[in-house]
>>> print(open('start01.csv').read())   # CSV, N, CA and C atoms
chain,number,residue,atom,x,y,z
K,1,ALA,N,-17.3,3.3,-16.5
K,1,ALA,CA,-17.9,3.4,-15.2
K,1,ALA,C,-16.8,3.6,-14.2
K,2,VAL,N,-15.6,2.9,-14.3
K,2,VAL,CA,-14.5,3.1,-13.4
K,2,VAL,C,-14.0,4.5,-13.4
K,3,ILE,N,-13.9,5.1,-14.6
K,3,ILE,CA,-13.4,6.5,-14.7
K,3,ILE,C,-14.3,7.4,-14.0
K,4,ALA,N,-15.6,7.2,-14.2
K,4,ALA,CA,-16.6,8.1,-13.6
K,4,ALA,C,-16.8,7.9,-12.1
K,5,GLU,N,-16.8,6.7,-11.7
K,5,GLU,CA,-17.1,6.3,-10.3
K,5,GLU,C,-16.1,5.7,-9.5
K,6,GLY,N,-14.9,5.3,-10.1
K,6,GLY,CA,-13.9,4.7,-9.3
K,6,GLY,C,-14.1,3.2,-9.1
K,7,LEU,N,-13.1,2.5,-8.6
K,7,LEU,CA,-13.3,1.1,-8.3
K,7,LEU,C,-14.3,0.9,-7.2
K,8,LYS,N,-15.1,-0.2,-7.2
K,8,LYS,CA,-16.1,-0.4,-6.2
K,8,LYS,C,-16.0,-1.9,-5.8
K,9,SER,N,-16.3,-2.1,-4.5
K,9,SER,CA,-16.3,-3.5,-4.0
K,9,SER,C,-17.6,-4.2,-4.5
K,10,ARG,N,-17.7,-5.5,-4.3
K,10,ARG,CA,-18.9,-6.2,-4.7
K,10,ARG,C,-20.1,-5.7,-3.8
K,11,ASN,N,-19.8,-5.4,-2.6
K,11,ASN,CA,-20.9,-4.8,-1.7
K,11,ASN,C,-21.4,-3.5,-2.3
K,12,GLU,N,-20.5,-2.7,-2.7
K,12,GLU,CA,-21.0,-1.4,-3.3
K,12,GLU,C,-21.7,-1.6,-4.7
K,13,LEU,N,-21.3,-2.7,-5.4
K,13,LEU,CA,-22.0,-3.0,-6.6
K,13,LEU,C,-23.2,-3.9,-6.4
K,14,ASP,N,-23.5,-4.2,-5.2
K,14,ASP,CA,-24.7,-5.1,-4.8
K,14,ASP,C,-24.6,-6.4,-5.5
K,15,GLN,N,-23.4,-7.0,-5.5
K,15,GLN,CA,-23.2,-8.4,-6.1
K,15,GLN,C,-23.0,-9.4,-5.0
K,16,SER,N,-23.7,-10.5,-5.1
K,16,SER,CA,-23.5,-11.5,-4.0
K,16,SER,C,-22.2,-12.3,-4.2
K,17,ARG,N,-21.8,-12.4,-5.5
K,17,ARG,CA,-20.5,-13.2,-5.8
K,17,ARG,C,-19.7,-12.3,-6.7
K,18,GLY,N,-18.4,-12.6,-6.7
K,18,GLY,CA,-17.5,-11.9,-7.6
K,18,GLY,C,-17.7,-12.2,-9.0
K,19,LYS,N,-17.5,-11.2,-9.9
K,19,LYS,CA,-17.5,-11.4,-11.3
K,19,LYS,C,-16.2,-10.8,-11.9
K,20,GLY,N,-15.3,-11.7,-12.1
K,20,GLY,CA,-14.0,-11.3,-12.6
K,20,GLY,C,-12.9,-11.7,-11.7
K,21,LEU,N,-11.9,-10.9,-11.6
K,21,LEU,CA,-10.7,-11.2,-10.8
K,21,LEU,C,-10.9,-11.2,-9.3
K,22,GLY,N,-10.2,-12.1,-8.6
K,22,GLY,CA,-10.1,-12.0,-7.2
K,22,GLY,C,-11.3,-12.6,-6.5
K,23,GLY,N,-11.5,-12.3,-5.3
K,23,GLY,CA,-12.5,-12.8,-4.4
K,23,GLY,C,-12.4,-12.1,-3.1
K,24,GLY,N,-12.6,-12.8,-2.0
K,24,GLY,CA,-12.4,-12.1,-0.7
K,24,GLY,C,-13.7,-11.6,-0.2
K,25,ASP,N,-13.6,-10.7,0.8
K,25,ASP,CA,-14.7,-10.2,1.5
K,25,ASP,C,-15.5,-9.3,0.5
K,26,ARG,N,-16.8,-9.1,0.9
K,26,ARG,CA,-17.7,-8.3,0.0
K,26,ARG,C,-17.3,-6.8,0.0
K,27,ASP,N,-16.6,-6.4,1.0
K,27,ASP,CA,-16.3,-4.9,1.1
K,27,ASP,C,-14.9,-4.6,0.7
K,28,THR,N,-14.2,-5.5,-0.1
K,28,THR,CA,-12.9,-5.3,-0.5
K,28,THR,C,-12.8,-5.4,-2.1
K,29,ILE,N,-11.7,-4.8,-2.6
K,29,ILE,CA,-11.5,-5.0,-4.0
K,29,ILE,C,-10.2,-5.9,-4.1
K,30,SER,N,-10.3,-7.0,-4.8
K,30,SER,CA,-9.3,-7.9,-4.9
K,30,SER,C,-8.9,-8.3,-6.3
K,31,PHE,N,-7.6,-8.4,-6.6
K,31,PHE,CA,-7.2,-8.8,-7.9
K,31,PHE,C,-6.5,-10.2,-7.8
K,32,THR,N,-5.9,-10.5,-6.7
K,32,THR,CA,-5.2,-11.8,-6.5
K,32,THR,C,-5.0,-12.1,-5.0
K,33,ALA,N,-4.7,-13.3,-4.7
K,33,ALA,CA,-4.4,-13.7,-3.3
K,33,ALA,C,-2.9,-13.8,-3.2
K,34,ASP,N,-2.1,-13.7,-4.3
K,34,ASP,CA,-0.7,-13.8,-4.2
K,34,ASP,C,0.0,-12.5,-4.0
K,35,PRO,N,0.7,-12.3,-2.9
K,35,PRO,CA,1.3,-10.9,-2.6
K,35,PRO,C,2.3,-10.4,-3.7
K,36,GLU,N,3.0,-11.3,-4.4
K,36,GLU,CA,4.0,-10.9,-5.4
K,36,GLU,C,3.2,-10.4,-6.6
K,37,THR,N,2.1,-11.1,-7.0
K,37,THR,CA,1.3,-10.7,-8.1
K,37,THR,C,0.6,-9.4,-7.8
K,38,ALA,N,0.1,-9.3,-6.6
K,38,ALA,CA,-0.6,-8.0,-6.1
K,38,ALA,C,0.4,-6.8,-6.3
K,39,GLN,N,1.6,-7.0,-5.9
K,39,GLN,CA,2.6,-5.9,-6.0
K,39,GLN,C,2.9,-5.6,-7.4
K,40,ALA,N,3.0,-6.6,-8.3
K,40,ALA,CA,3.2,-6.3,-9.7
K,40,ALA,C,2.0,-5.6,-10.3
K,41,ILE,N,0.8,-6.0,-9.9
K,41,ILE,CA,-0.4,-5.3,-10.4
K,41,ILE,C,-0.4,-3.8,-9.9
K,42,GLU,N,0.0,-3.6,-8.6
K,42,GLU,CA,0.0,-2.3,-8.1
K,42,GLU,C,1.0,-1.4,-8.9
K,43,VAL,N,2.2,-1.9,-9.1
K,43,VAL,CA,3.2,-1.2,-9.9
K,43,VAL,C,2.6,-0.8,-11.3
K,44,ALA,N,2.0,-1.8,-12.0
K,44,ALA,CA,1.5,-1.6,-13.3
K,44,ALA,C,0.3,-0.5,-13.3
K,45,MET,N,-0.5,-0.6,-12.3
K,45,MET,CA,-1.6,0.4,-12.2
K,45,MET,C,-1.1,1.8,-11.9
K,46,ARG,N,-0.1,1.9,-11.1
K,46,ARG,CA,0.5,3.2,-10.8
K,46,ARG,C,1.2,3.8,-12.1
K,47,GLU,N,1.9,2.9,-12.8
K,47,GLU,CA,2.5,3.3,-14.1
K,47,GLU,C,1.5,3.7,-15.1
K,48,ALA,N,0.4,3.0,-15.2
K,48,ALA,CA,-0.7,3.3,-16.1
K,48,ALA,C,-1.2,4.7,-15.8
K,49,ARG,N,-1.4,5.0,-14.5
K,49,ARG,CA,-1.9,6.3,-14.1
K,49,ARG,C,-0.9,7.4,-14.5
K,50,GLU,N,0.4,7.1,-14.3
K,50,GLU,CA,1.4,8.1,-14.7
K,50,GLU,C,1.4,8.4,-16.2
K,51,VAL,N,1.2,7.3,-17.0
K,51,VAL,CA,1.1,7.4,-18.4
K,51,VAL,C,-0.1,8.2,-18.8
K,52,ALA,N,-1.3,7.9,-18.2
K,52,ALA,CA,-2.5,8.6,-18.5
K,52,ALA,C,-2.4,10.1,-18.1
K,53,ARG,N,-1.7,10.4,-17.1
K,53,ARG,CA,-1.6,11.8,-16.7
K,53,ARG,C,-0.5,12.5,-17.5
K,54,GLY,N,0.3,11.8,-18.3
K,54,GLY,CA,1.3,12.4,-19.0
K,54,GLY,C,2.6,12.6,-18.3
K,55,ASP,N,2.7,12.0,-17.1
K,55,ASP,CA,4.0,12.1,-16.3
K,55,ASP,C,5.0,11.2,-16.9
K,56,ILE,N,4.6,10.1,-17.6
K,56,ILE,CA,5.6,9.2,-18.3
K,56,ILE,C,5.1,9.1,-19.7
K,57,THR,N,6.1,9.3,-20.6
K,57,THR,CA,5.7,9.2,-22.1
K,57,THR,C,6.1,7.8,-22.6
K,58,VAL,N,5.7,7.5,-23.8
K,58,VAL,CA,6.1,6.3,-24.5
K,58,VAL,C,7.6,6.3,-24.6
K,59,GLU,N,8.1,7.4,-25.0
K,59,GLU,CA,9.6,7.5,-25.1
K,59,GLU,C,10.3,7.2,-23.8
K,60,ASN,N,9.8,7.6,-22.7
K,60,ASN,CA,10.3,7.3,-21.4
K,60,ASN,C,10.3,5.8,-21.2
K,61,MET,N,9.2,5.2,-21.5
K,61,MET,CA,9.1,3.7,-21.3
K,61,MET,C,10.0,2.9,-22.2
K,62,LEU,N,10.2,3.4,-23.4
K,62,LEU,CA,11.1,2.7,-24.3
K,62,LEU,C,12.5,2.8,-23.8
K,63,ALA,N,12.9,4.0,-23.3
K,63,ALA,CA,14.2,4.2,-22.8
K,63,ALA,C,14.5,3.4,-21.6
K,64,GLU,N,13.5,3.3,-20.7
K,64,GLU,CA,13.6,2.4,-19.5
K,64,GLU,C,13.7,0.9,-19.9
K,65,ALA,N,13.0,0.5,-20.9
K,65,ALA,CA,13.1,-0.9,-21.4
K,65,ALA,C,14.4,-1.2,-21.9
K,66,GLU,N,15.0,-0.2,-22.7
K,66,GLU,CA,16.3,-0.4,-23.2
K,66,GLU,C,17.4,-0.5,-22.1
K,67,ARG,N,17.3,0.5,-21.2
K,67,ARG,CA,18.2,0.5,-20.1
K,67,ARG,C,18.2,-0.8,-19.3
K,68,ASP,N,17.0,-1.4,-19.1
K,68,ASP,CA,16.9,-2.6,-18.3
K,68,ASP,C,16.9,-3.9,-19.0
K,69,GLY,N,17.3,-3.8,-20.4
K,69,GLY,CA,17.4,-5.0,-21.2
K,69,GLY,C,16.1,-5.7,-21.5
K,70,PHE,N,15.0,-4.9,-21.5
K,70,PHE,CA,13.7,-5.4,-21.7
K,70,PHE,C,13.1,-5.1,-23.1
K,71,THR,N,13.9,-4.4,-24.0
K,71,THR,CA,13.3,-4.0,-25.2
K,71,THR,C,12.7,-5.1,-26.1
K,72,GLU,N,13.5,-6.2,-26.2
K,72,GLU,CA,13.0,-7.3,-27.0
K,72,GLU,C,11.7,-7.9,-26.5
K,73,ASN,N,11.6,-8.1,-25.2
K,73,ASN,CA,10.3,-8.6,-24.6
K,73,ASN,C,9.2,-7.6,-24.9
K,74,LEU,N,9.4,-6.3,-24.7
K,74,LEU,CA,8.4,-5.3,-25.0
K,74,LEU,C,8.0,-5.3,-26.4
K,75,MET,N,8.9,-5.4,-27.4
K,75,MET,CA,8.5,-5.4,-28.8
K,75,MET,C,7.8,-6.6,-29.2
K,76,LYS,N,8.2,-7.8,-28.5
K,76,LYS,CA,7.5,-9.0,-28.9
K,76,LYS,C,6.1,-9.1,-28.3
K,77,TYR,N,5.8,-8.2,-27.4
K,77,TYR,CA,4.4,-8.1,-27.0
K,77,TYR,C,3.5,-7.6,-28.1
K,78,TRP,N,4.1,-6.7,-29.0
K,78,TRP,CA,3.4,-6.2,-30.1
K,78,TRP,C,3.6,-7.1,-31.4
K,79,ASP,N,4.7,-7.7,-31.5
K,79,ASP,CA,5.0,-8.5,-32.7
K,79,ASP,C,5.9,-9.7,-32.2
K,80,ARG,N,5.4,-10.9,-32.1
K,80,ARG,CA,6.1,-12.0,-31.5
K,80,ARG,C,7.4,-12.4,-32.3
K,81,ASP,N,7.4,-12.0,-33.6
K,81,ASP,CA,8.6,-12.3,-34.5
K,81,ASP,C,9.6,-11.2,-34.5
K,82,TRP,N,9.4,-10.1,-33.7
K,82,TRP,CA,10.3,-9.0,-33.8
K,82,TRP,C,11.7,-9.4,-33.3
K,83,LYS,N,12.7,-8.8,-33.9
K,83,LYS,CA,14.1,-9.0,-33.4
K,83,LYS,C,14.9,-7.7,-33.5
K,84,GLN,N,16.0,-7.6,-32.8
K,84,GLN,CA,16.8,-6.4,-32.8
K,84,GLN,C,17.1,-6.0,-34.2
K,85,GLY,N,17.0,-4.7,-34.5
K,85,GLY,CA,17.3,-4.3,-35.9
K,85,GLY,C,16.1,-4.1,-36.7
K,86,ASP,N,15.0,-4.8,-36.4
K,86,ASP,CA,13.7,-4.6,-37.1
K,86,ASP,C,13.1,-3.2,-36.8
K,87,PRO,N,12.3,-2.7,-37.7
K,87,PRO,CA,11.5,-1.5,-37.4
K,87,PRO,C,10.6,-1.7,-36.2
K,88,LEU,N,10.3,-0.7,-35.6
K,88,LEU,CA,9.4,-0.8,-34.4
K,88,LEU,C,8.1,-1.4,-34.9
K,89,PRO,N,7.5,-2.3,-34.1
K,89,PRO,CA,6.2,-2.8,-34.4
K,89,PRO,C,5.1,-1.7,-34.6
K,90,GLU,N,4.2,-1.9,-35.5
K,90,GLU,CA,3.2,-0.9,-35.8
K,90,GLU,C,2.5,-0.3,-34.6
K,91,GLY,N,2.2,-1.1,-33.6
K,91,GLY,CA,1.5,-0.6,-32.4
K,91,GLY,C,2.4,0.3,-31.6
K,92,VAL,N,3.7,0.1,-31.5
K,92,VAL,CA,4.6,0.9,-30.8
K,92,VAL,C,4.7,2.2,-31.6
K,93,GLN,N,4.9,2.1,-32.9
K,93,GLN,CA,5.0,3.3,-33.8
K,93,GLN,C,3.7,4.2,-33.6
K,94,ASN,N,2.6,3.6,-33.6
K,94,ASN,CA,1.3,4.3,-33.5
K,94,ASN,C,1.3,5.1,-32.1
K,95,LEU,N,1.8,4.4,-31.1
K,95,LEU,CA,1.8,5.1,-29.8
K,95,LEU,C,2.7,6.3,-29.8
K,96,LEU,N,3.9,6.1,-30.4
K,96,LEU,CA,4.8,7.3,-30.5
K,96,LEU,C,4.3,8.4,-31.3
K,97,GLU,N,3.5,8.1,-32.3
K,97,GLU,CA,2.9,9.2,-33.2
K,97,GLU,C,1.7,9.8,-32.6
K,98,GLY,N,1.2,9.2,-31.5
K,98,GLY,CA,0.0,9.7,-30.8
K,98,GLY,C,-1.3,9.3,-31.5
>>> encode(input="start01.csv", output="structure tokens")
Amino acid sequence: AVIAEGLKSRNELDQSRGKGLGGGDRDTISFTADPETAQAIEVAMREAREVARGDITVENMLAEAERDGFTENLMKYWDRDWKQGDPLPEGVQNLLEG
């Protein structure tokens, strides 16, 4: 529904109360009341859009993670026992292979 129609406020969805994340006025879309969390969500959503459009590849993201010292955390998202030197987790390998 979101892909076809975009994000909608509770008012546009004709809901009297929120169902899911956030809250706030009926004519707004809210994920959090915390500004830092909101900024992180915005960055993640923009990045997801860039990935979906093909502007960023999985290879780009892995290179960025390595550059920023985040590789281990990223790999542990897929396999909590992963350590440097291990093969890529299956989920990461599947993403690379398309």
>>> atom_distance(input="start01.csv", atom1="CA of Gly54 (chain K)", atom2="CA of Val92 (chain K)")
16.8 Å
>>> atom_distance(input="start01.csv", atom1="CA of Lys8 (chain K)", atom2="CA of Ala38 (chain K)")
17.3 Å
>>> atom_distance(input="start01.csv", atom1="CA of Val58 (chain K)", atom2="CA of Asn94 (chain K)")
10.4 Å
>>> closest_residue(input="start01.csv", among="K:Leu96, K:Ala4, K:Leu13, K:Ile41", to="Leu62 (chain K)", atoms="only C-alpha atoms")
K:Leu96
>>> closest_residue(input="start01.csv", among="K:Glu59, K:Val51, K:Ala40, K:Arg46", to="Glu97 (chain K)", atoms="only C-alpha atoms")
K:Glu59
